[in-house]
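Text of entry09.txt, listed as compact mmCIF, C-alpha atoms:
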```txt
# COMPACT_ATOMS: atom_id res chain seq x y z
CA MET A 1 65.99 87.73 94.57
CA ASN A 2 67.17 84.40 95.96
CA LYS A 3 70.79 83.35 96.17
CA THR A 4 70.80 81.40 92.95
CA GLY A 5 69.22 84.30 91.12
CA LEU A 6 71.86 86.65 92.44
CA LEU A 7 74.63 84.28 91.50
CA MET A 8 73.29 83.85 88.01
CA THR A 9 73.02 87.59 87.52
CA ALA A 10 76.59 87.91 88.73
CA VAL A 11 77.76 85.26 86.28
CA ALA A 12 75.87 86.91 83.44
CA LEU A 13 77.41 90.25 84.29
CA VAL A 14 80.92 88.85 84.35
CA ALA A 15 80.31 87.06 81.08
CA SER A 16 79.20 90.21 79.34
CA GLY A 17 82.16 92.10 80.77
CA VAL A 18 79.92 94.51 82.67
CA TRP A 19 80.30 94.64 86.39
CA ALA A 20 78.69 97.25 88.53
CA GLN A 21 79.63 97.18 92.15
CA ASP A 22 76.61 95.33 93.37
CA ASP A 23 73.05 94.28 92.78
CA ASN A 24 71.59 96.32 95.62
CA GLN A 25 68.13 97.77 95.14
CA LEU A 26 67.35 101.35 96.02
CA VAL A 27 64.03 101.97 97.75
CA ILE A 28 63.65 105.36 99.44
CA ASN A 29 61.64 105.65 102.69
CA GLY A 30 60.58 102.04 102.19
CA GLU A 31 58.24 103.08 99.38
CA ILE A 32 59.78 104.91 96.42
CA GLU A 33 61.36 102.35 94.11
CA ILE A 34 64.28 103.71 92.14
CA ILE A 35 65.40 102.18 88.87
CA THR A 36 69.19 102.06 89.12
CA ASP A 37 69.88 100.06 85.97
CA ALA A 38 68.22 100.04 82.57
CA PRO A 39 69.05 99.19 78.97
CA ALA A 40 71.10 101.97 77.38
CA PRO A 41 69.15 104.22 75.00
CA GLU A 42 69.86 103.23 71.39
CA TYR A 43 71.70 106.49 70.59
CA ILE A 44 74.41 105.63 73.18
CA SER A 45 76.71 103.29 71.30
CA GLY A 46 79.33 102.85 74.01
CA LEU A 47 77.10 101.29 76.70
CA ASP A 48 74.76 98.30 76.93
CA THR A 49 73.37 98.99 80.37
CA ILE A 50 73.12 102.27 82.22
CA TYR A 51 73.62 102.44 85.99
CA SER A 52 72.95 105.09 88.57
CA GLY A 53 76.03 106.30 90.45
CA TRP A 54 74.37 104.88 93.59
CA ARG A 55 75.30 101.37 92.47
CA PHE A 56 79.00 102.21 92.68
CA ARG A 57 78.97 103.48 96.24
CA GLN A 58 79.77 101.63 99.46
CA PRO A 59 76.76 100.17 101.33
CA ALA A 60 77.14 102.65 104.21
CA MET A 61 76.88 105.55 101.80
CA GLN A 62 74.06 103.91 99.85
CA GLN A 63 72.16 103.68 103.11
CA LEU A 64 72.15 107.47 103.58
CA GLU A 65 69.98 107.80 100.51
CA MET A 66 67.42 105.19 101.54
CA ASP A 67 65.78 107.29 104.23
CA ASP A 68 65.11 111.01 104.04
CA PHE A 69 65.85 111.37 107.76
CA GLU A 70 69.37 110.15 107.12
CA ASN A 71 69.91 112.08 103.91
CA PRO A 72 72.14 115.06 104.76
CA ALA A 73 70.41 117.09 102.02
CA SER A 74 67.27 117.32 104.18
CA LEU A 75 68.35 120.58 105.83
CA ALA A 76 68.71 122.25 102.44
CA ILE A 77 65.30 120.86 101.50
CA ASP A 78 63.74 122.44 104.60
CA ASP A 79 65.17 125.82 103.57
CA ALA A 80 63.88 125.36 100.04
CA VAL A 81 60.39 124.56 101.30
CA GLU A 82 60.39 127.86 103.18
CA GLN A 83 61.74 129.68 100.15
CA TRP A 84 58.95 128.24 97.98
CA SER A 85 56.33 130.46 99.61
CA MET A 86 58.55 133.45 100.29
CA VAL A 87 57.31 136.58 98.53
CA GLU A 88 60.09 138.43 96.72
CA GLY A 89 60.40 141.03 93.96
CA SER A 90 58.27 143.82 92.50
CA GLU A 91 55.23 141.64 91.71
CA GLY A 92 54.67 140.59 95.31
CA LYS A 93 54.77 136.91 94.45
CA SER A 94 56.38 133.68 95.58
CA CYS A 95 56.77 130.42 93.67
CA ALA A 96 53.64 129.22 95.48
CA SER A 97 51.61 132.17 94.14
CA CYS A 98 51.71 130.59 90.68
CA HIS A 99 52.51 126.93 91.37
CA GLU A 100 50.76 126.36 94.70
CA ASP A 101 51.71 123.04 96.24
CA VAL A 102 55.18 121.97 95.15
CA GLU A 103 54.34 118.28 95.52
CA ASP A 104 51.54 118.44 92.99
CA SER A 105 52.73 121.09 90.58
CA MET A 106 56.32 119.92 90.25
CA ALA A 107 55.81 116.16 89.96
CA GLY A 108 57.40 115.00 86.70
CA VAL A 109 59.19 118.26 85.96
CA ARG A 110 62.76 117.18 86.73
CA ALA A 111 62.41 114.09 84.54
CA VAL A 112 62.11 116.09 81.30
CA TYR A 113 64.68 118.83 81.88
CA PRO A 114 66.74 120.23 80.16
CA LYS A 115 64.06 120.89 77.59
CA TRP A 116 63.34 123.05 74.57
CA ASN A 117 61.55 126.31 75.33
CA GLU A 118 59.53 127.38 72.35
CA GLY A 119 59.14 131.03 73.31
CA ALA A 120 62.83 131.52 74.04
CA GLY A 121 63.94 129.38 71.10
CA GLU A 122 66.54 127.59 73.21
CA VAL A 123 67.14 124.60 75.45
CA ARG A 124 66.61 125.49 79.09
CA THR A 125 67.88 123.77 82.20
CA LEU A 126 65.74 123.67 85.33
CA ALA A 127 67.94 126.39 86.83
CA ASN A 128 67.44 128.59 83.73
CA GLN A 129 63.69 128.12 84.09
CA ILE A 130 63.70 128.95 87.80
CA ASN A 131 65.61 132.15 87.11
CA THR A 132 63.24 133.09 84.30
CA CYS A 133 60.33 132.71 86.74
CA ARG A 134 62.14 134.91 89.24
CA THR A 135 63.00 137.72 86.84
CA GLU A 136 59.93 137.69 84.59
CA ASN A 137 57.09 136.50 86.83
CA MET A 138 58.23 137.71 90.25
CA GLY A 139 60.26 140.77 89.31
CA ALA A 140 62.95 139.38 91.62
CA GLU A 141 66.68 139.11 91.12
CA ALA A 142 68.07 136.04 89.40
CA TRP A 143 69.84 133.64 91.73
CA LYS A 144 73.46 132.71 91.20
CA TYR A 145 73.29 129.79 88.79
CA ASP A 146 74.92 127.32 91.16
CA GLY A 147 74.33 129.16 94.44
CA THR A 148 72.81 127.67 97.59
CA GLN A 149 69.26 128.89 96.92
CA MET A 150 69.18 127.68 93.35
CA THR A 151 70.64 124.30 94.23
CA GLY A 152 68.17 123.88 97.09
CA ALA A 153 65.23 124.80 94.86
CA GLU A 154 66.40 122.31 92.26
CA ALA A 155 66.66 119.60 94.88
CA LEU A 156 63.14 120.32 96.17
CA ILE A 157 61.67 120.30 92.68
CA GLY A 158 63.76 117.27 91.71
CA MET A 159 62.54 115.13 94.58
CA GLN A 160 58.92 115.52 93.45
CA SER A 161 59.88 113.29 90.49
CA ARG A 162 61.70 110.61 92.47
CA GLY A 163 61.11 107.19 91.00
CA MET A 164 59.95 108.52 87.64
CA PRO A 165 62.15 107.61 84.70
CA VAL A 166 64.32 110.35 83.22
CA ASN A 167 62.89 111.15 79.80
CA VAL A 168 64.55 114.13 78.13
CA ALA A 169 63.86 114.77 74.44
CA VAL A 170 66.88 114.36 72.19
CA ASP A 171 65.24 115.07 68.85
CA GLY A 172 63.09 117.83 67.45
CA PRO A 173 64.29 121.36 68.11
CA ALA A 174 66.59 120.23 70.97
CA HIS A 175 68.59 117.98 68.68
CA GLU A 176 71.17 120.55 67.64
CA THR A 177 72.02 121.33 71.27
CA TRP A 178 72.09 117.62 72.07
CA LYS A 179 74.63 117.05 69.25
CA LYS A 180 76.81 119.80 70.66
CA GLY A 181 76.72 118.09 74.05
CA GLU A 182 77.55 114.74 72.49
CA GLU A 183 80.59 116.21 70.79
CA MET A 184 81.76 117.69 74.09
CA TYR A 185 81.31 114.34 75.84
CA TYR A 186 83.85 112.74 73.52
CA THR A 187 86.31 115.67 73.38
CA ARG A 188 89.61 115.00 75.11
CA TYR A 189 90.18 118.17 77.09
CA GLY A 190 93.24 119.50 78.85
CA GLN A 191 96.83 118.44 79.31
CA LEU A 192 95.69 114.96 80.42
CA GLU A 193 93.68 114.61 77.18
CA LEU A 194 90.74 112.87 78.81
CA SER A 195 87.11 113.04 77.71
CA CYS A 196 84.04 112.29 79.81
CA ALA A 197 83.93 108.99 77.90
CA SER A 198 87.56 108.15 78.83
CA CYS A 199 86.50 107.84 82.45
CA HIS A 200 82.74 107.25 82.50
CA GLU A 201 82.21 105.11 79.38
CA GLU A 202 85.50 103.25 78.78
CA ASN A 203 86.43 102.88 82.43
CA TYR A 204 83.35 102.87 84.62
CA ASP A 205 83.69 100.37 87.45
CA ASN A 206 87.46 100.76 87.31
CA TYR A 207 89.33 102.62 90.00
CA ILE A 208 91.32 105.80 89.53
CA ARG A 209 93.44 105.58 92.64
CA ALA A 210 90.77 105.29 95.39
CA ASP A 211 87.87 106.55 93.27
CA HIS A 212 85.43 103.95 91.99
CA LEU A 213 84.38 105.30 88.60
CA SER A 214 80.66 105.40 87.86
CA GLN A 215 79.04 106.21 84.53
CA GLY A 216 78.83 109.87 85.55
CA GLN A 217 75.02 109.87 85.38
CA ILE A 218 73.12 112.93 86.59
CA ASN A 219 69.79 111.35 87.53
CA GLY A 220 70.71 111.95 91.20
CA PHE A 221 71.49 115.66 90.92
CA PRO A 222 71.68 117.92 92.77
CA ALA A 223 73.79 115.56 94.89
CA PHE A 224 74.86 115.97 98.49
CA ARG A 225 78.61 115.62 98.20
CA LEU A 226 80.09 114.48 101.49
CA LYS A 227 83.54 115.72 100.53
CA GLN A 228 82.20 119.27 100.14
CA ASN A 229 79.53 118.83 102.81
CA ARG A 230 76.84 120.46 100.68
CA LEU A 231 74.48 119.98 97.80
CA ILE A 232 76.19 120.43 94.49
CA GLN A 233 74.74 121.09 91.11
CA THR A 234 75.30 119.26 87.85
CA HIS A 235 77.41 122.05 86.38
CA ASN A 236 79.67 122.11 89.47
CA ARG A 237 80.37 118.45 88.94
CA PHE A 238 81.11 118.97 85.24
CA LYS A 239 83.42 121.83 86.12
CA GLY A 240 85.34 119.73 88.63
CA CYS A 241 85.73 116.82 86.22
CA ILE A 242 87.02 119.08 83.43
CA ARG A 243 89.38 120.86 85.81
CA ASP A 244 90.78 117.47 86.78
CA THR A 245 91.93 116.97 83.20
CA ARG A 246 94.12 120.09 83.62
CA ALA A 247 91.89 121.98 81.22
CA GLU A 248 90.35 125.42 81.17
CA THR A 249 86.80 124.76 82.40
CA PHE A 250 83.49 126.24 81.28
CA SER A 251 81.27 128.23 83.66
CA PRO A 252 78.13 126.96 85.38
CA GLY A 253 75.18 128.10 83.29
CA SER A 254 77.26 128.53 80.11
CA PRO A 255 75.70 127.41 76.81
CA GLU A 256 78.36 124.68 76.65
CA PHE A 257 77.35 123.19 79.99
CA VAL A 258 73.66 123.48 79.13
CA ALA A 259 74.32 121.39 76.00
CA LEU A 260 76.46 118.92 77.94
CA GLU A 261 73.75 118.61 80.59
CA LEU A 262 71.12 117.77 78.00
CA TYR A 263 73.36 115.12 76.48
CA VAL A 264 74.44 113.58 79.80
CA ALA A 265 70.82 113.61 81.03
CA SER A 266 69.83 111.71 77.88
CA ARG A 267 72.43 109.03 78.63
CA GLY A 268 70.33 108.36 81.74
CA ASN A 269 66.94 108.17 80.02
CA GLY A 270 65.27 105.19 81.71
CA LEU A 271 66.91 105.54 85.14
CA SER A 272 64.76 107.04 87.88
CA VAL A 273 65.14 110.59 89.07
CA GLU A 274 66.95 110.15 92.38
CA ALA A 275 67.55 113.72 93.59
CA PRO A 276 68.88 114.59 96.09
CA SER A 277 71.43 111.77 96.02
CA VAL A 278 74.33 111.27 98.42
CA ARG A 279 77.80 110.92 96.93
CA PRO A 280 81.43 110.83 98.15
CA MET B 281 142.85 122.93 77.62
CA ARG B 282 143.28 122.82 81.33
CA ARG B 283 141.62 126.18 81.81
CA THR B 284 138.59 125.13 79.78
CA LEU B 285 138.13 121.99 81.84
CA ILE B 286 138.24 123.93 85.06
CA ALA B 287 135.78 126.43 83.67
CA ILE B 288 133.33 123.68 82.72
CA ALA B 289 133.67 121.99 86.09
CA GLY B 290 132.92 125.35 87.64
CA LEU B 291 129.53 125.52 85.94
CA GLY B 292 128.38 122.77 88.26
CA LEU B 293 126.58 119.54 87.67
CA ALA B 294 123.09 120.92 87.32
CA SER B 295 123.87 123.17 84.43
CA MET B 296 125.88 120.45 82.70
CA ALA B 297 122.82 118.24 82.74
CA GLN B 298 120.76 121.18 81.55
CA ALA B 299 123.04 121.69 78.57
CA GLN B 300 122.40 118.15 77.36
CA GLU B 301 118.73 117.94 78.23
CA VAL B 302 116.34 117.37 75.34
CA SER B 303 113.51 119.92 75.45
CA PRO B 304 109.93 118.54 75.23
CA LEU B 305 109.70 120.39 71.91
CA ASN B 306 112.63 118.48 70.38
CA VAL B 307 112.07 114.87 71.38
CA ALA B 308 113.01 112.44 68.60
CA PHE B 309 110.30 109.74 68.47
CA ASP B 310 110.74 107.10 65.79
CA GLU B 311 107.82 105.77 63.77
CA TYR B 312 106.92 103.26 66.52
CA GLY B 313 106.84 105.92 69.23
CA GLU B 314 110.20 104.97 70.71
CA ILE B 315 112.85 107.41 71.95
CA ALA B 316 116.35 106.00 71.50
CA GLU B 317 118.39 108.66 73.31
CA SER B 318 118.19 109.47 77.01
CA LEU B 319 116.48 112.82 77.61
CA THR B 320 119.22 113.86 80.06
CA GLY B 321 122.28 112.09 78.74
CA THR B 322 122.76 110.50 82.17
CA PRO B 323 121.36 107.25 83.60
CA GLY B 324 118.18 107.57 85.65
CA ASP B 325 117.87 106.65 89.33
CA PRO B 326 115.39 103.78 89.86
CA ALA B 327 114.74 104.65 93.53
CA ALA B 328 113.80 108.21 92.60
CA GLY B 329 111.66 106.85 89.76
CA GLN B 330 109.77 104.61 92.14
CA LYS B 331 108.92 107.65 94.25
CA VAL B 332 107.76 109.64 91.21
CA MET B 333 105.42 106.82 90.22
CA ALA B 334 103.85 106.45 93.66
CA THR B 335 103.52 110.12 94.59
CA LYS B 336 100.27 111.92 93.86
CA SER B 337 101.85 115.32 93.17
CA MET B 338 104.41 113.75 90.78
CA GLY B 339 103.72 110.95 88.28
CA ASN B 340 100.92 109.30 90.27
CA CYS B 341 101.15 106.40 87.81
CA VAL B 342 99.44 104.17 90.38
CA ALA B 343 96.29 106.24 89.84
CA CYS B 344 95.82 103.89 86.89
CA HIS B 345 98.42 101.08 87.19
CA GLN B 346 99.25 98.38 89.70
CA ILE B 347 102.77 97.33 90.67
CA THR B 348 103.06 94.45 93.14
CA GLY B 349 106.35 95.51 94.66
CA LEU B 350 105.44 99.17 95.06
CA ASP B 351 104.40 100.55 98.43
CA ALA B 352 101.43 102.71 97.45
CA ALA B 353 97.85 102.46 98.71
CA PHE B 354 94.84 102.34 96.37
CA GLN B 355 96.47 101.41 93.09
CA GLY B 356 94.09 102.04 90.20
CA THR B 357 92.75 99.61 87.60
CA VAL B 358 92.34 101.85 84.53
CA GLY B 359 95.69 100.71 83.09
CA PRO B 360 97.35 97.27 83.01
CA SER B 361 99.61 95.94 85.77
CA LEU B 362 103.19 97.04 85.18
CA ASP B 363 104.66 93.88 86.71
CA GLY B 364 107.05 92.51 84.08
CA ALA B 365 107.05 95.75 82.04
CA GLY B 366 110.86 95.47 81.94
CA ASP B 367 110.55 92.08 80.22
CA ARG B 368 107.95 93.21 77.70
CA TRP B 369 109.54 96.48 76.57
CA GLU B 370 112.96 97.83 75.57
CA VAL B 371 114.28 100.98 77.24
CA ALA B 372 113.56 103.09 74.14
CA GLN B 373 109.97 101.86 74.08
CA LEU B 374 109.41 102.58 77.77
CA ARG B 375 110.85 106.10 77.36
CA GLY B 376 108.49 106.69 74.45
CA ILE B 377 105.45 105.37 76.35
CA VAL B 378 106.09 107.57 79.38
CA ALA B 379 106.90 110.69 77.33
CA ASP B 380 103.88 110.40 75.02
CA ALA B 381 101.99 107.10 75.17
CA LYS B 382 99.75 108.03 72.23
CA LYS B 383 102.72 107.58 69.88
CA THR B 384 102.73 103.89 70.90
CA PHE B 385 99.03 103.31 71.71
CA PRO B 386 97.11 105.83 69.54
CA ASP B 387 93.80 105.95 71.45
CA THR B 388 95.07 105.34 74.95
CA VAL B 389 93.76 107.26 77.96
CA MET B 390 97.32 107.45 79.32
CA PRO B 391 98.52 111.09 79.39
CA GLY B 392 101.78 112.23 77.77
CA PHE B 393 104.13 113.09 80.60
CA TYR B 394 106.61 115.01 78.42
CA LYS B 395 104.11 116.59 76.09
CA VAL B 396 103.60 120.36 76.28
CA GLN B 397 101.38 121.52 73.44
CA GLY B 398 98.61 120.61 71.01
CA PHE B 399 95.91 120.34 73.72
CA ILE B 400 92.22 121.28 73.61
CA ARG B 401 91.51 124.03 76.17
CA PRO B 402 94.86 123.65 77.94
CA GLY B 403 94.62 124.70 81.58
CA ASN B 404 96.99 126.14 84.13
CA ALA B 405 97.58 122.96 86.15
CA PHE B 406 94.46 122.12 88.23
CA THR B 407 93.19 125.70 88.61
CA GLY B 408 90.57 125.40 85.85
CA LYS B 409 91.95 128.63 84.38
CA ALA B 410 93.47 128.88 80.90
CA GLY B 411 97.11 127.92 80.48
CA THR B 412 99.53 129.05 77.81
CA GLU B 413 101.27 126.52 75.59
CA PRO B 414 103.87 125.25 75.74
CA LEU B 415 102.76 124.11 79.21
CA PRO B 416 105.32 122.80 81.69
CA PRO B 417 105.58 119.01 81.14
CA LEU B 418 103.91 116.78 83.78
CA LEU B 419 107.35 115.34 84.58
CA ASN B 420 110.76 116.86 83.82
CA ALA B 421 113.49 115.06 81.86
CA THR B 422 115.24 113.79 84.97
CA GLN B 423 111.99 112.39 86.39
CA ILE B 424 111.20 110.66 83.08
CA GLU B 425 114.62 109.01 83.04
CA ASP B 426 114.23 108.00 86.70
CA VAL B 427 110.84 106.41 85.96
CA VAL B 428 112.24 104.59 82.92
CA ALA B 429 115.15 103.31 85.02
CA TYR B 430 112.65 101.92 87.54
CA LEU B 431 110.37 100.36 84.89
CA VAL B 432 113.38 98.48 83.46
CA THR B 433 113.77 96.75 86.85
CA LEU B 434 110.19 95.39 86.76
CA LYS B 435 111.04 91.81 85.70
CA GLU B 436 109.05 88.69 86.47
```

For this file, write the structure as structure tokens.
Amino acid sequence: MNKTGLLMTAVALVASGVWAQDDNQLVINGEIEIITDAPAPEYISGLDTIYSGWRFRQPAMQQLEMDDFENPASLAIDDAVEQWSMVEGSEGKSCASCHEDVEDSMAGVRAVYPKWNEGAGEVRTLANQINTCRTENMGAEAWKYDGTQMTGAEALIGMQSRGMPVNVAVDGPAHETWKKGEEMYYTRYGQLELSCASCHEENYDNYIRADHLSQGQINGFPAFRLKQNRLIQTHNRFKGCIRDTRAETFSPGSPEFVALELYVASRGNGLSVEAPSVRP
Amino acid sequence: MRRTLIAIAGLGLASMAQAQEVSPLNVAFDEYGEIAESLTGTPGDPAAGQKVMATKSMGNCVACHQITGLDAAFQGTVGPSLDGAGDRWEVAQLRGIVADAKKTFPDTVMPGFYKVQGFIRPGNAFTGKAGTEPLPPLLNATQIEDVVAYLVTLKE
């Protein structure tokens, strides 16, 4: 975009009262184009435009996500690649035994999760599905829902969908769960009486002390969180945000967080999958 | 008479203030969300109030608000600037806003600093574990009065 174009976009943004930090474009490894803004889905009444959290970060941090050699999540990805073909459990199988090459078999998967599972009659997150494969197909032990192995596996599977638009289903059999998540999103938890919307819908692009508030999108999860120096999972982030309202949190993997994840994922329908992202 | 006076003096200042302190459960808000009476019965200390507002472990009001004259890094932008708050509001209004802002601004994101019950999934401070209502207020009566005393000085 030329200078005039940039300026005009800036003016338009100010005029409409929406102001993300910048107009930077995210391209990973010089080839994977990531959509970091898109029109809000019509069922989200509080937003006109949705933005990836990447747009709210400082350029130096943005840079870490533009090249996989700089992305600090790459070590965890290496471990996950090894884990992919590691035989475990009573059936003598690894993930690769059924799914072969992760790059081919897992492309597009992250973009549609959480998703309704007909056989189980419930909405499943990617982590739920991975654990079902482990216990039912491998005869192996379930991983801790937000443990290192699970988070690494999610990141590896997630990155096979980078650049593809998030597209979770909000109607059909998943609708009831989605509604539950929507209600949670607007519930003002804890002694501070703040909902997700208080910070991420009403106040995105504002600062809470030094923190530049994003829209709390999860298209980049699992995210490498520099503050914790590790990959963190969606439900860890939810837990931290609810704890910060001085509330009793829910547990990673709980039905409540599964519902919230479906709803929050749907708020990002149209943004690209960006996992593993790098965040403060 | 004399003996009573001596006895009261002997209780010490702290407990005298305690005796007059209004509990968070008995605060008298009027229909506009104002609180006419001091929560401690004694005037607040503006210097102490300034510290409460700027300190993360206390009021941390600058998480959301800006105050030009206040020495605190990274003042937030979620709430309006408080410059001139002492011109815009009466003491009773400021006390009401700090104690429970939702009585003045019904849908505000500003927390109630002297509110102790009626929460959804109340927690035990920032532990993420369940708390039992009534919770301790975010600020005690003395701190509220100190903050109010400081806000009154914010004139333009």

Residue among A:Met61, A:Leu156, A:Ala265, A:Ala169 lying closest to Ala107 (chain A), counting only C-alpha atoms:
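Nearest to Ala107 (chain A): A:Leu156.
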
Could you pull the residues within 12 Å of Ser303 (chain B), counting all atoms listed in the file, minus those fewer than 6 positions along the same chain, as an mmCIF file with C-alpha atoms, in the frame of the given file?
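Output saved as selection17.cif:
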```cif
data_model
loop_
_atom_site.group_PDB
_atom_site.id
_atom_site.type_symbol
_atom_site.label_atom_id
_atom_site.label_comp_id
_atom_site.auth_asym_id
_atom_site.auth_seq_id
_atom_site.Cartn_x
_atom_site.Cartn_y
_atom_site.Cartn_z
ATOM 1 C CA ALA B 297 122.820 118.240 82.740
ATOM 2 C CA SER B 318 118.190 109.470 77.010
ATOM 3 C CA LEU B 319 116.480 112.820 77.610
ATOM 4 C CA THR B 320 119.220 113.860 80.060
ATOM 5 C CA ALA B 379 106.900 110.690 77.330
ATOM 6 C CA TYR B 394 106.610 115.010 78.420
ATOM 7 C CA LYS B 395 104.110 116.590 76.090
ATOM 8 C CA VAL B 396 103.600 120.360 76.280
ATOM 9 C CA PRO B 414 103.870 125.250 75.740
ATOM 10 C CA PRO B 416 105.320 122.800 81.690
ATOM 11 C CA PRO B 417 105.580 119.010 81.140
ATOM 12 C CA LEU B 419 107.350 115.340 84.580
ATOM 13 C CA ASN B 420 110.760 116.860 83.820
ATOM 14 C CA ALA B 421 113.490 115.060 81.860
ATOM 15 C CA THR B 422 115.240 113.790 84.970
#
```

In file coordinates, which residues lie within 10 Å of (112.2, 100.3, 75.1) using all atoms listed in the file, given as a PyMOL selection string?
chain B and resi 313-316+365-377+428+431-432

Centre and edge lengths, as lines of an AutoDock Vina configuration file, for the axis-aligned box enclosing every listed atom of region 205-208 of chain A with 4 Å of padding on each of the six sides, in Å to one decimal?
```
center_x = 87.5
center_y = 103.1
center_z = 88.7
size_x = 15.6
size_y = 13.4
size_z = 10.7
```

Contacts from chain A to chain B, 6 Å maximum, all atoms listed in the file: show me the residue list as a PyMOL selection string.
chain A and resi 189-192+206-210+243+246-249

Please report the interatomic distance between CA of Leu26 (chain A) and CA of Leu271 (chain A) in Å with one decimal.
11.7 Å

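Taking CA of Arg134 (chain A) and CA of Ser277 (chain A) as the two end points, the separation is 25.8 Å.
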
Find the residues with any atom within 9 Å of (58.8, 112.5, 81.9); use all atoms listed in the file and the coordinates as given in the file, and write the answer as a VMD selection string.
chain A and resid 108 to 113 161 164 to 168

Nearest to Phe257 (chain A): which of A:Met184, A:Val278, A:Ile34, A:Ala174 is it, counting only C-alpha atoms?
A:Met184
